[in-house]
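A short worksheet on the structure shown next.
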Amino acid sequence: MSGTAAPTRARLPGLAPLAEWGMRHRVFGTWLALAALPLLLPSTALATSVVAYGLYALGFNLLFGWGGLLSFGHAALLGGGAYATGIAIAHYGAPWWAAIGVAPVAGAGVAFLMGVLAVRTRGIYFAMVTLALSQCAYHVAYQAVGWTGGENGLRGVNLREVALPFGMVLDGLDPRVRYGLVAVAAGLAVAAVSRVLDSPFGAALAALRENEARARACGYDVRAVRLLAFVLSGAVCGLAGGLLAIHLSVVPVETMHYATSGLAVMLAILGGMHSFFGPFAGAAAFLLLESAVARWTEHWPLVAGTVFMLCVLFFREGIWGTLVGWLRR
Amino acid sequence: MVDYPLDLLALQVFAGLALGAVYVLLALGLSLIFGMLGVVNFAHGALFALGAYVGVFLLGTGWNFWAALVAVPLAVGAAGLLVERFLVRPLYGRPVDDPLLLTFGLAYVVVEAIRIVFGKQPEPVETPELLAGAVFIGVGYFPLYRVFLIGVAALVVLALWLLLERTRWGLILRAGARDPTILRVLGVDVGRVWLLVFGLGTGLAGLAGWLAAPLQGAAPEMGVPVLAEAFVVTVVGGMGSLLGAVVAGLLVGVTYSMTSLLAPEMAKVSIFALMAVVLLLRPQGLFGRPGGLMA
Amino acid sequence: MTAGGAALRAEGLGKSFGGFRALSGVSAEFRAGLLTSVIGPNGAGKSTFFNLLTGAFPPSEGRILFGGRDITGLPQHRFARLGIAKSFQITAVFPRLSVAENVRVAAQALVSRLDFWSHRARLRGLEERSAALLARVGLSHRARRAAGELAHGEQRALEVAMALAADPALLLLDEPTAGMSPEETRGFMDLARALAGERTVVLVEHKMKLVMGISDRVLVLHHGELLAEGTPAEIRADERVRRVYLGQRA
């Protein structure tokens with residue numbers, strides 16, 4: 001920090017160190033936010049949505065913000081996880097840990113299938129191909145009525161009880177229990193994502209984002225790194241989908257829709273794609289704004305689209321990125 | 001598998017060409033804009049829907065189909081001019097994702113504006129009287145309107161070809177697609193060229209929307225599947241290649257049409273399978289140049 | 001490695017782009033431990049030759065042998081892992097990563113690429129190695145800056161450090177002094193000369209005068225073909241080379 005920033009610091013005593021602390025302890029900071037969220041938001045259900053969608057955006061941003069790859073097909077990954085959890089519960093009556101466990105596996109599997117094709121392209125082509133592939137996944141889900149319920153959605157995803165060791169059983173229908181379950185799973189995933197970013201692979205991914213030709217000349221296999229990034233992103237987004245299915249007790253076919261892919265893009269940009277916590281902040285801001293606007297008009301997409309365009313034009317670092325940049329100035 | 005009579009198959013191919021004609025118009029617009037500006041217009045589907053609704057609006061005020069056929073592309077093209085001038089232009093020189101993201105946001109606004117003005121319910125659009133009925137095309141009777149669709153697409157392709165190959169403007173466009181700095185050296189106002197190309201491309205999207213309206217009606221969200229399908233066409237044909245847009249548009253149309261006859265449950269998925277095969281065997285697309293967008 | 005044996009050998013190398021033949025029938029060897037320069041006027045096919053030797057694209061004809069092994073057609077990242085490193089004609093660094101991280105991640109490519117679970121700081125020796133390389137190219141004082149903020153000459157030096165990070169047996173440099181000040185150029189040529197003592201160095205250069213003083217061997221390309229090959233003294237005396245460079249400031 002240069003001395004010229006002193007007046008700003010004097011005006012905001014203590015906040016710059018706070019921003020520094022948050023960047024150094026990004027996992028712990030996110031855990032604190034997860035713990036505080038139900039107290040800050042008007043309803044536990046809204047808090048649960050924020051966590052699930054925040055995790056979705058975080059998984060998307062692993063590819064977008066950190067890997068420089070813009071995907072417009074993440075709905076297929078979220079949906080893959082959501083259907084896996086939903087089918088495990090609704091068709092097989094699986095216990096909570098198994099139902100949640102299959103979600104990241106399914107998300108990673110769908111990501112692998114899409115990624116094998118998509119990583120052969122780059123840039124805007126990547127955006128177009130992922131969009132087309134997820135549209136394909138949407139049609140598959142729409143037509144596999146026996147498994148997914150098709151147009152009506154997969155109903156009866158009711159997690160009635162959460163059995164813990166030592167005979168403890170929690171009521172799965174209690175919103176607070178659901179929030180706890182979702183927040184703990186998301187908290188672990190956040191720690192895992194942070195670890196991936198700190199890994200040798202994370203360094204390779206950043207290098208690839210910065211200069212692909214250079215990374216290739218260093219000896220990195222561009223397709224392999226990208227495919228792994230896509231699969232890991234799929235695991236995180238798949239988990240988010242599974243948590244969303246448990247939260248909502250239903251998997252609508254719209255989970256796979258183009259608009260859901262676009263939602264991940266919106267959340268990441270709105271919150272800030274270059275910061276770790278940005279996508280979570282984006283999810284919180286988006287859902288809060290949506291519930292506020294819903295009181296005035298039913299035309300929320302008009303507001304969302306406008307806010308998004310303003311972000312692209314003028315606030316490219318998003319809410320959180322701008323805030324952190326401002327505090328550290 | 002059931003044996004299908006040859007004339008039925010032939011008719012189905014023809015139906016595919018008619019569907020393909022709409023894809024060709026959409027993909028030409030996308031490819032023109034991409035080829036010149038390097039921008040992927042994610043609002044292309046929304047402008048397709050806008051085209052259909054501008055037509056519906058004009059019909060409601062007493063215009064006929066033919067007048068609307070001229071006015072719709074002009075109106076949507078004019079909207080495109082505004083979009084380029086005030087929204088896309090500030091983003092030149094920024095990362096390539098930025099204009100893409102902006103047009104993605106714009107699509108939300110356009111679709112929701114349509115819902116506000118026209119409501120959420122789809123609007124049926126009648127086939128103009130002159131084009132109602134069927135015509136004998138050698139192998140059987142075929143809806144006249146679809147023959148008309150193919151004809152319009154062929155005319156547009158021909159006009160575009162003449163524009164690009166036989167006019168001074170086309171010379172500028174072809175030079176600019178290779179290297180915009182050439183245009184600056186020649187003293188051409190590049191900003192103006194880009195503005196007009198964006199208008200032309202979006203105008204084609206509007207035209208496609210109005211032409212498709214009698215087939216499927218007008219619905220606010222009609223642009224979403226169309227956007228994905230137009231991307232498939234672009235990937236199959238090769239990004240930025242106009243010849244690729246034409247050939248792939250027809251190919252995708254016929255693929256869809258044939259699978260909906262032979263294996264209806266696979267129809268929607270088939271064109272994506274086609275894209276997957278192309279990506280595996282020839283990732284730059286049928287007429288695309290290798291390198292650039294391929295990893 | 002013993003000096004004198006062929007580290008890299010090109011056999012009848014040719015490349016066409018569409019109908020245009022950029023390079024044809026070039027056979028040459030780059031002897032281990034020597035500094036070999038490839039020179040030629042503009043459009044002689046130097047860049048094409050360089051790109052073929054580094055695996056950026058495959059040749060249309062001919063073979064490339066590295067240490068006796070045929071490596072023709074391998075993907076570029078495999079070239080790098082075999083020990084063939086290159087610098088780019090247009091400066092290529094990771095602009096938003098720190099200077100130290102640029103070199104560290106380049107060195108990491110040989111030991112760990114897809115490990116997503118351990119901590120990168122635990123990879124032994126990488127940080128020390130990159131610090132030593134930065135010292136060697138004179139960038140230690142810039143280690144914590146973002147690479148994109150460096151001056152042009154500094155970025156070129158950083159590129160060399162990145163190329164050296166993998167401890168390559170063969171180092172190819174494509175017009176490394178383009179855009180450098182005369183002083184930076186002199187420093188760079190000294191560095192290239194010093195590097196040749198420990199590994200094979202290939203220098204592709206437009207300006208003949210620059211390389212004559214430091215090269216062990218010189219190849220001259222002209223119109224996509226090999227025009228002459230020999231020691232700097234032989235090349236200077238070569239009548240054909242003089243004719244090609246006549247009128248140019250050699």
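Residue numbering restarts at 1 in every chain; chains get A, B, ... in the order shown in the structure tokens, and ligands count up from 1 in that same order.
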
Can I get the residues of chain A within 9 Å of chain C, each with the closest pair of atoms and their distance in Å to one decimal, using only C-alpha atoms, sorted chain first then ascending number, as a Markdown table?
```
| residue | atom | partner | partner_atom | distance |
| --- | --- | --- | --- | --- |
| A:Ala192 | CA | C:Trp117 | CA | 8.4 |
| A:Arg195 | CA | C:Trp117 | CA | 6.5 |
| A:Val196 | CA | C:Phe116 | CA | 5.1 |
| A:Leu197 | CA | C:Phe116 | CA | 7.8 |
| A:Asp198 | CA | C:His119 | CA | 5.7 |
| A:Ser199 | CA | C:His119 | CA | 4.6 |
| A:Pro200 | CA | C:Arg120 | CA | 4.7 |
| A:Phe201 | CA | C:Leu114 | CA | 4.8 |
| A:Gly202 | CA | C:Phe116 | CA | 6.7 |
| A:Ala203 | CA | C:Val105 | CA | 6.5 |
| A:Ala204 | CA | C:Arg113 | CA | 6.5 |
| A:Ala206 | CA | C:Leu97 | CA | 8.2 |
| A:Ala207 | CA | C:Phe94 | CA | 6.2 |
| A:Leu208 | CA | C:Phe94 | CA | 8.4 |
| A:Arg209 | CA | C:Phe94 | CA | 8.4 |
| A:Glu210 | CA | C:Phe94 | CA | 5.0 |
| A:Asn211 | CA | C:Phe94 | CA | 5.7 |
| A:Ala213 | CA | C:Ala92 | CA | 8.0 |
| A:Arg214 | CA | C:Ala92 | CA | 6.1 |
| A:Ala215 | CA | C:Ala106 | CA | 7.6 |
| A:Arg216 | CA | C:His77 | CA | 5.3 |
| A:Ala217 | CA | C:Ala80 | CA | 5.9 |
| A:Cys218 | CA | C:Ala106 | CA | 5.5 |
| A:Gly219 | CA | C:His77 | CA | 4.1 |
| A:Tyr220 | CA | C:His77 | CA | 5.7 |
| A:Asp221 | CA | C:His77 | CA | 5.7 |
| A:Val222 | CA | C:His77 | CA | 8.3 |
| A:Ala224 | CA | C:Leu114 | CA | 8.0 |
| A:Val225 | CA | C:Leu114 | CA | 6.6 |
| A:Leu228 | CA | C:Leu114 | CA | 7.6 |
```

request  = For Arg146 (chain B), please output as an MDAnalysis selection string all residues within 9 Å (counting only C-alpha atoms; exclusion window: fewer than 3 positions along the same chain).
outcome  = chainID B and resid 14:15 17:19 131 142:143 149:151 215

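The spacing separating CA of Ser270 (chain B) from CA of Ser257 (chain B) amounts to 9.8 Å.
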
Residues of chain A within 6 Å of chain B, using only C-alpha atoms, as a short mmCIF file (atom, residue, chain, number, x, y, z; two decimals) with C-alpha atoms, in the first residue's frame?
```cif
data_model
loop_
_atom_site.label_atom_id
_atom_site.label_comp_id
_atom_site.auth_asym_id
_atom_site.auth_seq_id
_atom_site.Cartn_x
_atom_site.Cartn_y
_atom_site.Cartn_z
CA ARG A 120 -11.52 -28.82 -27.72
CA THR A 121 -12.60 -25.21 -28.18
CA ARG A 122 -11.81 -21.95 -26.47
CA MET A 128 -21.48 -21.56 -27.51
CA ALA A 132 -25.59 -26.19 -26.95
CA CYS A 136 -29.08 -31.21 -25.24
CA PRO A 301 -35.88 -10.33 -15.38
CA LEU A 302 -36.10 -6.77 -16.72
CA GLY A 305 -30.94 -7.94 -17.07
CA PHE A 308 -26.33 -7.15 -15.15
CA MET A 309 -25.67 -4.95 -18.17
#
```

task = Tell me, as number ranges by chain, which residues lie within 6 Å of region 24-30 of chain C, counting only C-alpha atoms; anything in the same chain fewer than 6 positions away does not count.
result = C: 6-14, 224-226

Please produce an output containing N, CA and C atoms for each residue in the selection, written as a tab-separated table (two decimals), in the first residue's frame.
```tsv
chain	number	residue	atom	x	y	z
C	6	ALA	N	24.92	-34.32	-32.25
C	6	ALA	CA	23.71	-33.59	-32.64
C	6	ALA	C	22.68	-33.68	-31.53
C	7	ALA	N	22.27	-32.53	-30.97
C	7	ALA	CA	21.19	-32.53	-29.99
C	7	ALA	C	19.86	-32.59	-30.71
C	8	LEU	N	19.75	-31.82	-31.76
C	8	LEU	CA	18.50	-31.73	-32.52
C	8	LEU	C	18.86	-31.80	-34.00
C	9	ARG	N	18.09	-32.59	-34.72
C	9	ARG	CA	18.38	-32.73	-36.14
C	9	ARG	C	17.09	-32.57	-36.94
C	10	ALA	N	17.15	-31.75	-37.98
C	10	ALA	CA	16.03	-31.61	-38.90
C	10	ALA	C	16.38	-32.33	-40.17
C	11	GLU	N	15.44	-33.16	-40.66
C	11	GLU	CA	15.70	-33.91	-41.89
C	11	GLU	C	14.65	-33.57	-42.93
C	12	GLY	N	15.06	-32.86	-43.95
C	12	GLY	CA	14.17	-32.54	-45.07
C	12	GLY	C	12.89	-31.84	-44.65
C	13	LEU	N	13.01	-30.90	-43.69
C	13	LEU	CA	11.83	-30.27	-43.11
C	13	LEU	C	11.17	-29.31	-44.09
C	14	GLY	N	9.85	-29.43	-44.25
C	14	GLY	CA	9.12	-28.52	-45.12
C	14	GLY	C	7.77	-28.19	-44.52
C	224	GLY	N	12.90	-19.80	-47.88
C	224	GLY	CA	12.42	-21.07	-47.35
C	224	GLY	C	13.38	-22.23	-47.53
C	225	GLU	N	14.59	-21.96	-47.97
C	225	GLU	CA	15.55	-23.05	-48.13
C	225	GLU	C	16.85	-22.71	-47.41
C	226	LEU	N	17.60	-23.76	-47.10
C	226	LEU	CA	18.88	-23.56	-46.43
C	226	LEU	C	19.89	-23.08	-47.46
```

query = Which residues in region 46-244 of chain B does DSSP call strand (DSSP E or B)? List them as a ChimeraX atom specification.
reply = /B:123,134-136,141-143,218

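CA of Pro122 (chain B) sits 23.5 Å away from CA of Gly253 (chain B).
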
request  = Determine, counting only C-alpha atoms, which protein, DNA and RNA residues have an atom within 9 Å of an atom of Pro124 (chain B); residues of the same chain fewer than 2 positions away are not included. Present the result as a list of chain:residue names.
outcome  =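 These residues fall inside the cut-off: B:Val56, B:Pro122, B:Glu126, B:Ala213, B:Pro214, B:Gln216, B:Gly217, B:Ala218, B:Ala219.
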
Who sits within 12 Å of Gly33 (chain C), only C-alpha atoms, same chain under 5 positions skipped, as a CSV table (one decimal) with C-alpha atoms, in the first residue's frame:
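Final file, out.csv:
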```csv
chain,number,residue,atom,x,y,z
C,1,MET,CA,26.3,-34.0,-22.5
C,2,THR,CA,29.3,-33.9,-24.8
C,3,ALA,CA,29.8,-31.0,-27.1
C,4,GLY,CA,29.7,-31.8,-30.8
C,5,GLY,CA,27.1,-34.5,-31.1
C,6,ALA,CA,23.7,-33.6,-32.6
C,7,ALA,CA,21.2,-32.5,-30.0
C,8,LEU,CA,18.5,-31.7,-32.5
C,168,PRO,CA,16.0,-27.7,-20.9
C,169,ALA,CA,18.7,-29.5,-22.8
C,170,LEU,CA,17.8,-27.3,-25.8
C,171,LEU,CA,16.8,-23.6,-25.6
C,192,ALA,CA,23.0,-16.2,-24.5
C,193,ARG,CA,26.7,-16.9,-24.8
C,194,ALA,CA,27.0,-17.9,-21.2
C,195,LEU,CA,24.0,-20.2,-21.5
C,196,ALA,CA,25.6,-22.0,-24.4
C,197,GLY,CA,28.3,-23.3,-22.1
C,198,GLU,CA,25.7,-25.5,-20.3
C,199,ARG,CA,23.1,-26.4,-22.9
C,200,THR,CA,22.4,-26.3,-26.6
C,201,VAL,CA,21.1,-22.9,-27.7
C,202,VAL,CA,19.4,-21.9,-31.0
C,215,SER,CA,27.7,-17.9,-32.4
C,216,ASP,CA,29.6,-21.2,-32.8
C,217,ARG,CA,27.6,-22.1,-36.0
```
